[in-house]
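One file, upload.txt, is given below (compact mmCIF, C-alpha atoms).
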```
# COMPACT_ATOMS: atom_id res chain seq x y z
CA MET R 1 0.00 0.00 0.00
CA SER R 2 1.14 3.53 -0.56
CA LEU R 3 1.81 5.72 2.46
CA ASP R 4 -0.04 9.03 2.67
CA LEU R 5 2.52 11.13 4.46
CA GLY R 6 2.49 14.35 6.37
CA VAL R 7 5.95 15.73 7.10
CA LEU R 8 6.62 18.24 9.86
CA ILE R 9 9.71 20.43 9.64
CA SER R 10 11.29 23.40 11.38
CA GLY R 11 14.37 23.99 9.23
CA ARG R 12 16.04 23.08 5.99
CA GLY R 13 14.27 19.73 5.84
CA SER R 14 17.14 17.62 4.60
CA ASN R 15 15.32 14.46 5.69
CA LEU R 16 12.23 15.74 3.85
CA GLY R 17 14.49 16.02 0.80
CA ALA R 18 15.58 12.42 1.26
CA ILE R 19 11.92 11.32 1.40
CA LEU R 20 11.03 13.27 -1.74
CA ASP R 21 14.08 11.92 -3.58
CA ALA R 22 13.22 8.35 -2.58
CA ILE R 23 9.65 8.78 -3.79
CA GLY R 24 10.95 10.28 -7.04
CA ASP R 25 13.35 7.36 -7.54
CA GLY R 26 10.64 4.80 -6.88
CA ARG R 27 12.42 3.54 -3.75
CA LEU R 28 9.61 4.63 -1.44
CA ASP R 29 5.97 3.93 -2.19
CA ALA R 30 4.47 7.05 -0.65
CA ARG R 31 2.95 10.42 -1.40
CA VAL R 32 3.70 13.49 0.68
CA ARG R 33 0.24 14.99 1.13
CA LEU R 34 1.40 17.99 3.15
CA VAL R 35 4.52 19.57 4.58
CA VAL R 36 3.91 21.66 7.69
CA SER R 37 6.50 23.98 9.18
CA ASN R 38 6.19 25.85 12.45
CA ARG R 39 8.52 28.49 11.01
CA ALA R 40 7.81 30.56 7.92
CA ASP R 41 11.52 30.74 7.06
CA ALA R 42 12.13 26.98 7.02
CA GLY R 43 14.19 26.12 3.94
CA GLY R 44 12.33 22.85 3.57
CA LEU R 45 9.23 24.74 2.45
CA ASP R 46 11.00 25.67 -0.78
CA ARG R 47 12.20 22.11 -1.25
CA ALA R 48 8.60 20.88 -0.89
CA ALA R 49 7.23 23.52 -3.25
CA ARG R 50 9.79 22.57 -5.92
CA ALA R 51 8.51 18.99 -5.65
CA GLY R 52 4.94 20.20 -6.10
CA VAL R 53 3.99 19.25 -2.55
CA PRO R 54 1.45 21.41 -0.65
CA THR R 55 2.87 23.31 2.31
CA ARG R 56 1.45 25.06 5.35
CA VAL R 57 3.04 27.26 7.98
CA LEU R 58 1.44 26.74 11.37
CA SER R 59 3.20 28.66 14.12
CA HIS R 60 2.87 27.54 17.71
CA ARG R 61 2.97 31.25 18.53
CA ASP R 62 -0.51 31.65 17.07
CA HIS R 63 -1.94 29.18 19.56
CA ALA R 64 -2.62 29.64 23.23
CA ASP R 65 -1.46 26.20 24.32
CA ARG R 66 -0.16 22.91 23.06
CA PRO R 67 -3.54 21.14 22.72
CA SER R 68 -4.83 23.95 20.51
CA TYR R 69 -1.65 23.90 18.38
CA ASP R 70 -1.75 20.12 18.16
CA ALA R 71 -5.39 20.25 17.07
CA ALA R 72 -4.53 22.69 14.28
CA LEU R 73 -1.75 20.38 13.07
CA VAL R 74 -4.09 17.38 13.13
CA ALA R 75 -6.81 19.27 11.20
CA ALA R 76 -4.37 20.39 8.51
CA LEU R 77 -2.90 16.91 8.08
CA ARG R 78 -6.29 15.21 7.98
CA GLU R 79 -7.66 17.73 5.53
CA ALA R 80 -4.70 17.02 3.24
CA GLY R 81 -5.27 13.27 3.44
CA ALA R 82 -2.19 12.37 5.49
CA HIS R 83 -2.46 9.15 7.48
CA PHE R 84 1.13 8.80 8.64
CA VAL R 85 3.44 11.50 9.97
CA ALA R 86 7.21 11.85 9.71
CA LEU R 87 9.02 14.40 11.84
CA ALA R 88 11.98 15.71 9.88
CA GLY R 89 13.75 18.13 12.16
CA PHE R 90 10.52 19.37 13.73
CA MET R 91 11.57 21.12 16.92
CA ARG R 92 8.29 21.13 18.88
CA LEU R 93 7.10 18.49 21.33
CA LEU R 94 3.79 16.89 20.39
CA GLY R 95 1.16 16.17 23.04
CA PRO R 96 -1.58 13.58 23.35
CA THR R 97 -3.97 15.61 21.20
CA PHE R 98 -1.66 15.00 18.26
CA LEU R 99 -0.34 11.54 19.14
CA ASP R 100 -3.78 10.08 19.84
CA ALA R 101 -4.89 11.21 16.37
CA PHE R 102 -2.12 9.13 14.72
CA PRO R 103 -1.64 6.20 17.07
CA HIS R 104 1.75 4.49 16.46
CA ARG R 105 1.89 6.40 13.17
CA VAL R 106 4.26 9.24 14.00
CA LEU R 107 7.90 8.58 13.18
CA ASN R 108 10.93 10.60 14.25
CA ILE R 109 14.59 10.41 13.38
CA HIS R 110 17.13 11.43 16.00
CA PRO R 111 20.88 11.81 15.40
CA SER R 112 22.15 9.50 18.14
CA LEU R 113 21.89 5.91 19.30
CA LEU R 114 19.08 6.51 21.76
CA PRO R 115 18.78 6.42 24.74
CA ALA R 116 22.20 8.12 24.55
CA PHE R 117 22.17 11.86 23.81
CA PRO R 118 18.47 12.70 23.61
CA GLY R 119 17.24 16.23 23.06
CA VAL R 120 18.95 19.13 21.36
CA ASP R 121 22.22 18.81 19.40
CA ALA R 122 22.97 15.16 19.93
CA GLN R 123 26.15 15.40 17.88
CA ALA R 124 27.59 18.09 20.15
CA GLN R 125 26.66 15.95 23.15
CA ALA R 126 28.46 12.93 21.67
CA LEU R 127 31.59 14.97 20.89
CA ALA R 128 31.60 16.50 24.38
CA TYR R 129 31.29 13.05 25.92
CA GLY R 130 34.26 11.74 23.95
CA SER R 131 32.24 8.90 22.41
CA ARG R 132 33.78 6.76 19.67
CA VAL R 133 30.52 5.39 18.28
CA THR R 134 27.28 7.27 17.77
CA GLY R 135 24.61 6.98 15.08
CA CYS R 136 20.94 7.65 14.49
CA THR R 137 17.64 6.20 15.60
CA VAL R 138 14.23 6.00 13.93
CA HIS R 139 11.53 5.67 16.55
CA LEU R 140 7.82 6.05 17.03
CA VAL R 141 7.00 9.23 18.87
CA ASP R 142 5.52 9.19 22.33
CA ALA R 143 4.93 11.98 24.82
CA GLY R 144 8.57 12.10 25.96
CA THR R 145 11.61 13.67 24.33
CA ASP R 146 13.13 10.99 22.08
CA THR R 147 11.82 8.20 24.30
CA GLY R 148 9.49 6.29 21.94
CA PRO R 149 9.91 2.67 20.83
CA ILE R 150 12.80 2.09 18.46
CA VAL R 151 12.19 0.98 14.87
CA ALA R 152 15.79 0.93 13.60
CA GLN R 153 19.27 2.20 14.44
CA ALA R 154 22.45 2.83 12.49
CA ALA R 155 25.90 3.15 14.04
CA VAL R 156 28.36 5.81 12.87
CA PRO R 157 31.97 6.22 14.01
CA ILE R 158 33.34 9.40 15.56
CA LEU R 159 36.78 9.96 14.08
CA PRO R 160 39.77 11.72 15.65
CA GLY R 161 39.63 15.36 14.64
CA ASP R 162 35.89 15.38 13.95
CA ASP R 163 34.26 18.73 14.52
CA HIS R 164 30.54 19.24 14.82
CA ASP R 165 29.93 19.73 11.09
CA ALA R 166 31.98 16.72 10.02
CA LEU R 167 30.19 14.45 12.48
CA ALA R 168 26.75 15.88 11.72
CA ALA R 169 27.26 15.31 7.99
CA ARG R 170 28.34 11.70 8.52
CA VAL R 171 25.33 11.00 10.73
CA LEU R 172 22.95 12.84 8.39
CA ALA R 173 23.86 10.60 5.44
CA ARG R 174 22.80 7.66 7.59
CA GLU R 175 19.64 9.42 8.73
CA HIS R 176 18.45 9.83 5.15
CA ASP R 177 18.93 6.15 4.44
CA LEU R 178 17.44 4.91 7.71
CA LEU R 179 14.34 7.13 7.60
CA VAL R 180 13.50 6.13 4.02
CA ARG R 181 13.95 2.44 4.82
CA ALA R 182 11.72 2.70 7.86
CA LEU R 183 8.98 4.50 5.94
CA GLU R 184 9.11 1.83 3.26
CA TRP R 185 8.61 -0.85 5.93
CA PHE R 186 5.47 0.97 7.06
CA ALA R 187 4.34 1.35 3.43
CA GLU R 188 4.77 -2.40 2.98
CA GLY R 189 2.78 -3.18 6.12
CA ARG R 190 5.71 -5.03 7.70
CA VAL R 191 5.78 -3.17 11.01
CA GLU R 192 4.09 -4.59 14.08
CA VAL R 193 3.76 -2.58 17.26
CA THR R 194 3.12 -4.41 20.51
CA PRO R 195 1.90 -2.17 23.34
CA ALA R 196 3.79 -2.29 26.62
CA ALA R 197 2.94 -5.38 28.63
CA ASP R 198 2.89 -3.52 31.93
CA PRO R 199 2.39 0.14 32.91
CA GLY R 200 6.09 0.89 33.34
CA GLY R 201 7.08 -1.07 30.23
CA ARG R 202 7.81 -0.03 26.67
CA ALA R 203 5.99 -0.73 23.44
CA ARG R 204 7.95 -2.96 21.07
CA VAL R 205 8.35 -2.64 17.33
CA VAL R 206 9.01 -5.67 15.16
CA VAL R 207 9.72 -5.37 11.45
CA ARG R 208 9.01 -8.61 9.62
CA GLY R 209 11.81 -9.83 7.41
CA ALA R 210 14.08 -6.83 7.79
CA HIS R 211 17.35 -6.08 9.51
CA THR R 212 16.85 -3.05 11.71
CA TRP R 213 20.48 -2.36 12.54
CA PHE R 214 22.91 -0.76 10.14
CA GLY R 215 26.43 0.49 9.85
CA LEU R 216 27.93 -2.58 11.53
CA ALA R 217 30.47 -4.88 9.98
CA GLY R 218 28.81 -8.09 8.97
CA GLY R 219 25.42 -6.44 9.10
CA VAL R 220 23.32 -4.63 6.56
CA ASP R 221 24.94 -1.51 5.27
CA MET N 1 57.33 -1.18 27.63
CA SER N 2 55.63 -4.06 29.36
CA LEU N 3 52.57 -3.36 31.46
CA ASP N 4 52.62 -4.52 35.09
CA LEU N 5 48.97 -5.33 35.58
CA GLY N 6 46.71 -5.81 38.53
CA VAL N 7 43.33 -7.28 37.63
CA LEU N 8 40.29 -6.94 39.89
CA ILE N 9 37.46 -9.46 39.52
CA SER N 10 34.25 -10.48 41.24
CA GLY N 11 33.16 -13.46 39.14
CA ARG N 12 34.30 -15.87 36.48
CA GLY N 13 36.78 -13.40 35.08
CA SER N 14 36.25 -14.06 31.40
CA ASN N 15 37.96 -10.78 30.54
CA LEU N 16 40.83 -11.81 32.81
CA GLY N 17 41.00 -14.99 30.73
CA ALA N 18 41.20 -12.91 27.55
CA ILE N 19 44.08 -10.91 29.04
CA LEU N 20 45.96 -14.04 30.07
CA ASP N 21 45.39 -15.65 26.66
CA ALA N 22 46.63 -12.53 24.88
CA ILE N 23 49.76 -12.44 27.03
CA GLY N 24 50.30 -16.14 26.38
CA ASP N 25 49.92 -15.62 22.61
CA GLY N 26 52.32 -12.70 22.58
CA ARG N 27 49.57 -10.28 21.51
CA LEU N 28 49.79 -8.26 24.72
CA ASP N 29 53.09 -7.16 26.21
CA ALA N 30 52.13 -7.34 29.88
CA ARG N 31 52.50 -9.33 33.05
CA VAL N 32 49.64 -9.88 35.46
CA ARG N 33 51.30 -9.25 38.80
CA LEU N 34 48.22 -9.94 40.89
CA VAL N 35 44.56 -10.87 40.57
CA VAL N 36 42.36 -9.62 43.40
CA SER N 37 38.79 -10.78 43.94
CA ASN N 38 36.36 -9.38 46.48
CA ARG N 39 34.69 -12.79 46.55
CA ALA N 40 36.37 -16.02 47.56
CA ASP N 41 34.18 -18.04 45.18
CA ALA N 42 35.08 -16.08 42.04
CA GLY N 43 35.80 -18.53 39.23
CA GLY N 44 38.47 -16.22 37.86
CA LEU N 45 40.71 -17.11 40.81
CA ASP N 46 41.09 -20.63 39.45
CA ARG N 47 41.78 -19.29 35.99
CA ALA N 48 44.53 -17.08 37.39
CA ALA N 49 46.04 -19.89 39.44
CA ARG N 50 46.18 -22.14 36.38
CA ALA N 51 48.18 -19.42 34.62
CA GLY N 52 50.58 -19.22 37.57
CA VAL N 53 49.40 -15.74 38.52
CA PRO N 54 49.30 -14.73 42.22
CA THR N 55 45.82 -14.18 43.63
CA ARG N 56 44.37 -12.49 46.69
CA VAL N 57 40.87 -12.40 48.11
CA LEU N 58 40.11 -9.07 49.72
CA SER N 59 36.52 -8.79 50.86
CA HIS N 60 34.94 -5.40 51.32
CA ARG N 61 33.09 -7.00 54.21
CA ASP N 62 36.32 -7.12 56.22
CA HIS N 63 36.67 -3.35 56.04
CA ALA N 64 34.74 -0.67 57.87
CA ASP N 65 34.46 1.72 54.97
CA ARG N 66 35.45 2.31 51.39
CA PRO N 67 38.67 4.25 52.08
CA SER N 68 39.94 1.42 54.25
CA TYR N 69 39.02 -1.21 51.65
CA ASP N 70 40.53 0.89 48.88
CA ALA N 71 43.74 1.27 50.87
CA ALA N 72 43.99 -2.50 51.31
CA LEU N 73 43.56 -2.99 47.56
CA VAL N 74 46.23 -0.38 46.82
CA ALA N 75 48.66 -1.95 49.26
CA ALA N 76 48.19 -5.44 47.79
CA LEU N 77 48.62 -4.21 44.22
CA ARG N 78 51.69 -2.12 45.03
CA GLU N 79 53.29 -4.92 46.97
CA ALA N 80 52.82 -7.20 43.95
CA GLY N 81 54.40 -4.65 41.62
CA ALA N 82 51.26 -3.70 39.67
CA HIS N 83 51.37 -0.24 38.11
CA PHE N 84 48.22 -0.41 35.99
CA VAL N 85 44.83 -1.83 36.95
CA ALA N 86 42.19 -3.52 34.80
CA LEU N 87 38.71 -4.06 36.20
CA ALA N 88 37.35 -7.30 34.75
CA GLY N 89 33.85 -7.63 36.13
CA PHE N 90 34.77 -6.11 39.48
CA MET N 91 31.46 -5.16 41.07
CA ARG N 92 32.58 -2.60 43.67
CA LEU N 93 32.85 1.14 43.20
CA LEU N 94 36.34 2.52 43.79
CA GLY N 95 36.84 5.79 45.65
CA PRO N 96 39.50 8.48 45.53
CA THR N 97 41.81 6.54 47.85
CA PHE N 98 42.17 3.95 45.11
CA LEU N 99 41.89 6.17 42.04
CA ASP N 100 44.43 8.72 43.29
CA ALA N 101 46.94 5.89 43.76
CA PHE N 102 46.70 4.95 40.06
CA PRO N 103 45.93 8.23 38.30
CA HIS N 104 44.48 7.63 34.83
CA ARG N 105 45.75 4.06 35.12
CA VAL N 106 42.56 2.16 36.00
CA LEU N 107 40.70 0.71 33.04
CA ASN N 108 37.20 -0.73 32.99
CA ILE N 109 35.20 -2.51 30.33
CA HIS N 110 31.43 -2.07 30.31
CA PRO N 111 28.98 -4.02 28.12
CA SER N 112 27.19 -1.10 26.47
CA LEU N 113 27.93 1.96 24.37
CA LEU N 114 28.22 4.37 27.26
CA PRO N 115 26.64 6.70 28.25
CA ALA N 116 23.73 4.38 27.35
CA PHE N 117 22.92 1.65 29.89
CA PRO N 118 25.39 2.29 32.72
CA GLY N 119 25.37 0.23 35.89
CA VAL N 120 24.20 -3.30 36.46
CA ASP N 121 23.19 -5.68 33.63
CA ALA N 122 23.58 -3.39 30.66
CA GLN N 123 22.49 -6.13 28.27
CA ALA N 124 19.15 -6.55 30.04
CA GLN N 125 18.71 -2.78 29.95
CA ALA N 126 19.37 -2.71 26.19
CA LEU N 127 16.93 -5.54 25.54
CA ALA N 128 14.25 -3.90 27.70
CA TYR N 129 14.72 -0.63 25.82
CA GLY N 130 14.25 -2.33 22.47
CA SER N 131 17.62 -1.10 21.16
CA ARG N 132 18.94 -2.37 17.81
CA VAL N 133 22.58 -1.44 18.40
CA THR N 134 24.55 -1.83 21.61
CA GLY N 135 28.19 -2.69 22.21
CA CYS N 136 30.94 -2.27 24.75
CA THR N 137 33.12 0.53 26.06
CA VAL N 138 36.63 0.60 27.50
CA HIS N 139 37.06 3.65 29.69
CA LEU N 140 39.29 5.05 32.38
CA VAL N 141 37.65 4.80 35.77
CA ASP N 142 36.59 7.88 37.68
CA ALA N 143 34.52 8.25 40.83
CA GLY N 144 31.19 7.77 39.02
CA THR N 145 29.48 4.62 37.83
CA ASP N 146 30.71 4.01 34.27
CA THR N 147 31.26 7.73 33.69
CA GLY N 148 34.99 7.91 33.02
CA PRO N 149 36.64 9.09 29.77
CA ILE N 150 36.23 6.71 26.87
CA VAL N 151 39.23 4.94 25.36
CA ALA N 152 37.47 2.79 22.74
CA GLN N 153 34.04 1.49 21.80
CA ALA N 154 32.75 -1.41 19.71
CA ALA N 155 29.23 -1.66 18.30
CA VAL N 156 27.27 -4.91 18.40
CA PRO N 157 23.86 -5.58 16.83
CA ILE N 158 20.84 -6.78 18.79
CA LEU N 159 19.11 -9.39 16.64
CA PRO N 160 15.42 -10.31 16.56
CA GLY N 161 14.88 -13.13 19.02
CA ASP N 162 17.95 -12.36 21.11
CA ASP N 163 17.62 -13.36 24.72
CA HIS N 164 19.92 -12.15 27.47
CA ASP N 165 22.45 -14.95 27.08
CA ALA N 166 22.69 -14.65 23.30
CA LEU N 167 23.24 -10.92 23.48
CA ALA N 168 25.66 -11.13 26.40
CA ALA N 169 27.77 -13.70 24.54
CA ARG N 170 27.93 -11.55 21.40
CA VAL N 171 28.95 -8.49 23.40
CA LEU N 172 31.45 -10.48 25.50
CA ALA N 173 33.37 -11.62 22.43
CA ARG N 174 33.82 -7.95 21.55
CA GLU N 175 34.77 -7.07 25.13
CA HIS N 176 37.66 -9.53 25.07
CA ASP N 177 39.04 -8.04 21.88
CA LEU N 178 38.52 -4.41 22.88
CA LEU N 179 40.03 -4.75 26.35
CA VAL N 180 43.16 -6.48 25.06
CA ARG N 181 43.63 -3.89 22.33
CA ALA N 182 43.26 -1.03 24.81
CA LEU N 183 45.76 -2.57 27.22
CA GLU N 184 48.23 -3.00 24.38
CA TRP N 185 47.88 0.71 23.54
CA PHE N 186 48.79 1.54 27.12
CA ALA N 187 51.68 -0.94 27.01
CA GLU N 188 52.95 0.77 23.87
CA GLY N 189 52.71 4.23 25.46
CA ARG N 190 50.30 5.46 22.79
CA VAL N 191 47.59 6.76 25.11
CA GLU N 192 47.41 10.44 26.01
CA VAL N 193 45.00 11.68 28.66
CA THR N 194 44.11 15.37 28.67
CA PRO N 195 42.46 16.53 31.89
CA ALA N 196 39.15 18.35 31.64
CA ALA N 197 39.60 21.93 30.48
CA ASP N 198 36.96 23.27 32.85
CA PRO N 199 35.44 22.06 36.13
CA GLY N 200 32.29 20.65 34.52
CA GLY N 201 34.17 19.15 31.58
CA ARG N 202 35.49 15.69 30.84
CA ALA N 203 39.01 14.36 30.49
CA ARG N 204 39.83 13.27 26.94
CA VAL N 205 41.71 10.19 25.81
CA VAL N 206 43.61 10.17 22.53
CA VAL N 207 45.28 7.03 21.21
CA ARG N 208 48.01 7.85 18.73
CA GLY N 209 47.80 5.99 15.44
CA ALA N 210 44.91 3.70 16.36
CA HIS N 211 41.28 3.39 15.42
CA THR N 212 39.25 3.39 18.60
CA TRP N 213 35.90 2.36 17.14
CA PHE N 214 35.09 -1.19 16.10
CA GLY N 215 32.34 -3.33 14.78
CA LEU N 216 31.29 -0.82 12.14
CA ALA N 217 31.23 -1.48 8.43
CA GLY N 218 34.13 0.28 6.81
CA GLY N 219 35.91 0.53 10.13
CA VAL N 220 38.34 -1.68 11.94
CA ASP N 221 36.88 -5.01 12.82
```
Starting from the file, give its structure as structure tokens.
Amino acid sequence: MSLDLGVLISGRGSNLGAILDAIGDGRLDARVRLVVSNRADAGGLDRAARAGVPTRVLSHRDHADRPSYDAALVAALREAGAHFVALAGFMRLLGPTFLDAFPHRVLNIHPSLLPAFPGVDAQAQALAYGSRVTGCTVHLVDAGTDTGPIVAQAAVPILPGDDHDALAARVLAREHDLLVRALEWFAEGRVEVTPAADPGGRARVVVRGAHTWFGLAGGVD
Amino acid sequence: MSLDLGVLISGRGSNLGAILDAIGDGRLDARVRLVVSNRADAGGLDRAARAGVPTRVLSHRDHADRPSYDAALVAALREAGAHFVALAGFMRLLGPTFLDAFPHRVLNIHPSLLPAFPGVDAQAQALAYGSRVTGCTVHLVDAGTDTGPIVAQAAVPILPGDDHDALAARVLAREHDLLVRALEWFAEGRVEVTPAADPGGRARVVVRGAHTWFGLAGGVD
């Protein structure tokens, strides 16, 4: 089945670009029904427009609280026919009003091997820690910051002499690949989500017939 | 230069075994001057004895507090001629009395990609989290739990269907390799430790002429 996607961005939308390229190449069976940015100056809006994809700017500043902003996002996505949501550098937390509207159908990509380095500027966190291995994580979004159940992860080395830009670029190349793969698994109906067995537990994601780890010798690259 | 090693254990000492094997094979230029266990029933004591290595049992229960226990450990290691300490499954925290006696010369191996999954049973933590990539970390020991500066890391995949034993065995094979490599770097005098630049910062470890990340495609395996 084809995936009817809504993509939320806040910036240049490089992962949005990867999605649009993969759709254009026939690697991803999906249509981007709407791109929403919370910032009018997000570079990704131009990228979407060039691909002929509808765009909306919905600023959280125009809404009194998170539920009202979330409801506006949901209405715009539903109106456009989006049934699955990818966060591509969207820098706002989403609350239950949004998440309950797309249960287990909101995907995020984060530039670290979660649970390490959640939150803002994961690459700077990894460099400051002196890590040798980092990576990126595709996960379903829950109410926490980068806490949702993991779909796939890719490992990336940190090399001697890496600065922030060098590391971010290396991780970003992996992000593009991992996000597109994960979306394709959803498009193919291969993803099963098992709710947490107990209140303190975590939901589990199983992808039938796919490796969900990348960047490792002997694994899938 | 050869490394005069003290090895601290609490259990079967499989990483101790890897060290002894590597010395026996000529891969590691070191001598184990003493193996200390805090438990009399640690299987690693037999392994050490078979290799002709002196052993001591020093129980924390025979000491009133950590400084007094730490001082007993330091005295035993110094008396045996150990100048560098490897923790191989040693399950006690070491305090400043110990760490100040071997500055930047106490190495630990932990079965996760720190800072993810510190503390007890990292493999169970990784499985419970639903991670796809974990690994192991060799780091210098500081006063925290698995917080010291990183020397090297190796990534290891978590496969569908992995149980605790399967994952632990896969990580352990990497631990053996990573710990021996790291000790050899110290033996060769290739490790430089730069203290933290500011009070809240972290010390940095640079290994001259060595890759310090493993298990990644395209990297050193």
So which residues touch N:His63 within 12 Å, counting all atoms listed in the file, skipping near sequence neighbours fewer than 6 positions away, as a list in words?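 Here the answer would be Asn38, Tyr69, Asp70, Ala71, Ala72 and Leu73 of chain N.
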So that I can see what lies close to N:Arg50, please list as a ChimeraX atom specification the residues with an atom at most 12 Å from it, counting all atoms listed in the file and leaving out residues fewer than 4 positions away in the same chain. /N:17,20-21,43-46,54-55
Would you kindly report the residues of chain R within 6 Å of chain N, using only C-alpha atoms, as a list in words?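 Within 6 Å of chain N on chain R, we get Pro115, Ala116, Arg132, Gln153, Trp213, Gly215, Leu216 and Ala217 of chain R.
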Which polymer residues have any atom within 6 Å of an atom of R:Ser2, counting only C-alpha atoms, with same-chain residues fewer than 5 positions away left out, as a tab-separated table (two decimals) with C-alpha atoms, in the coordinates of the input?
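Writing the result to out14.tsv gives the following:
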```tsv
chain	number	residue	atom	x	y	z
R	29	ASP	CA	5.97	3.93	-2.19
R	30	ALA	CA	4.47	7.05	-0.65
R	187	ALA	CA	4.34	1.35	3.43
```
As an exercise, work out the distance from atom CA of R:His164 to atom CA of N:Asp198 in Å and give it to one decimal place.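 Computed distance, atom CA of R:His164 to atom CA of N:Asp198, equals 19.6 Å.
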Give me, as a ChimeraX atom specification, all polymer residues having an atom no more than 9 Å from N:Arg39, counting only C-alpha atoms and skipping those fewer than 2 positions away in the same chain. /N:9-11,36-37,41-42,57-60
Nearby residues (all atoms listed in the file) at most 10 Å from N:Asp142, same-chain spacing under 5 positions excluded, as number ranges by chain: N: 93-96, 99-100, 103-104, 106-108, 147-149, 203
To one decimal place in Å, what is the distance between atom CA of N:Arg31 and atom CA of N:Val7?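 Spanning atom CA of N:Arg31 to atom CA of N:Val7 is a straight-line distance of 10.5 Å.
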What is the distance, in Å and to one decimal place, between atom CA of R:Asn15 and atom CA of R:Ala173? 9.4 Å
Could you give me, as number ranges by chain, the residues that have an atom at most 8 Å away from the point (35.9, -5.4, 23.5) in the coordinates of the file, using all atoms listed in the file? N: 109, 136-138, 153-154, 171-181
Give the centre and edge lengths of an axis-aligned box, in Å to one decimal, that holds all listed atoms of stretch 142-147 of chain N with 8 Å on each side, as AutoDock Vina command-line options.
```
--center_x 33.0 --center_y 6.1 --center_z 37.3 --size_x 23.1 --size_y 20.2 --size_z 23.1
```
Given all atoms listed in the file as the counted atoms, nearest of N:Ala49, N:Leu5, N:Leu16, N:Ala22 to N:Ala80: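 For N:Ala80, the nearest of the given residues is N:Leu5.
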So, with only C-alpha atoms as the atoms that count, which of N:Ala88, N:Ala122, N:Leu8, N:Leu28 lies closest to N:Ala182?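 Of all the options, N:Leu28 lies closest to N:Ala182.
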Final N, CA and C atoms of stretch 76-91 of chain R as a CSV table (one decimal), in the coordinates of the input:
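File written: out16.csv
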```
chain,number,residue,atom,x,y,z
R,76,ALA,N,-5.0,20.1,9.8
R,76,ALA,CA,-4.4,20.4,8.5
R,76,ALA,C,-3.9,19.1,7.9
R,77,LEU,N,-3.4,18.2,8.6
R,77,LEU,CA,-2.9,16.9,8.1
R,77,LEU,C,-4.1,16.1,7.6
R,78,ARG,N,-5.1,16.0,8.4
R,78,ARG,CA,-6.3,15.2,8.0
R,78,ARG,C,-6.9,15.8,6.7
R,79,GLU,N,-7.1,17.1,6.7
R,79,GLU,CA,-7.7,17.7,5.5
R,79,GLU,C,-6.9,17.4,4.2
R,80,ALA,N,-5.6,17.3,4.4
R,80,ALA,CA,-4.7,17.0,3.2
R,80,ALA,C,-4.7,15.5,2.9
R,81,GLY,N,-5.3,14.7,3.7
R,81,GLY,CA,-5.3,13.3,3.4
R,81,GLY,C,-4.1,12.5,4.0
R,82,ALA,N,-3.3,13.1,4.9
R,82,ALA,CA,-2.2,12.4,5.5
R,82,ALA,C,-2.6,11.4,6.6
R,83,HIS,N,-2.1,10.2,6.5
R,83,HIS,CA,-2.5,9.2,7.5
R,83,HIS,C,-1.3,8.7,8.3
R,84,PHE,N,-0.1,9.2,8.0
R,84,PHE,CA,1.1,8.8,8.6
R,84,PHE,C,2.0,10.0,8.7
R,85,VAL,N,2.7,10.3,9.8
R,85,VAL,CA,3.4,11.5,10.0
R,85,VAL,C,4.9,11.2,10.2
R,86,ALA,N,5.8,11.9,9.5
R,86,ALA,CA,7.2,11.8,9.7
R,86,ALA,C,7.7,13.2,10.2
R,87,LEU,N,8.4,13.2,11.3
R,87,LEU,CA,9.0,14.4,11.8
R,87,LEU,C,10.4,14.5,11.2
R,88,ALA,N,10.7,15.6,10.5
R,88,ALA,CA,12.0,15.7,9.9
R,88,ALA,C,12.6,17.0,10.4
R,89,GLY,N,13.2,16.9,11.6
R,89,GLY,CA,13.8,18.1,12.2
R,89,GLY,C,12.7,19.1,12.7
R,90,PHE,N,11.6,18.5,13.1
R,90,PHE,CA,10.5,19.4,13.7
R,90,PHE,C,10.9,19.6,15.2
R,91,MET,N,11.0,20.8,15.6
R,91,MET,CA,11.6,21.1,16.9
R,91,MET,C,10.5,21.4,18.0
```
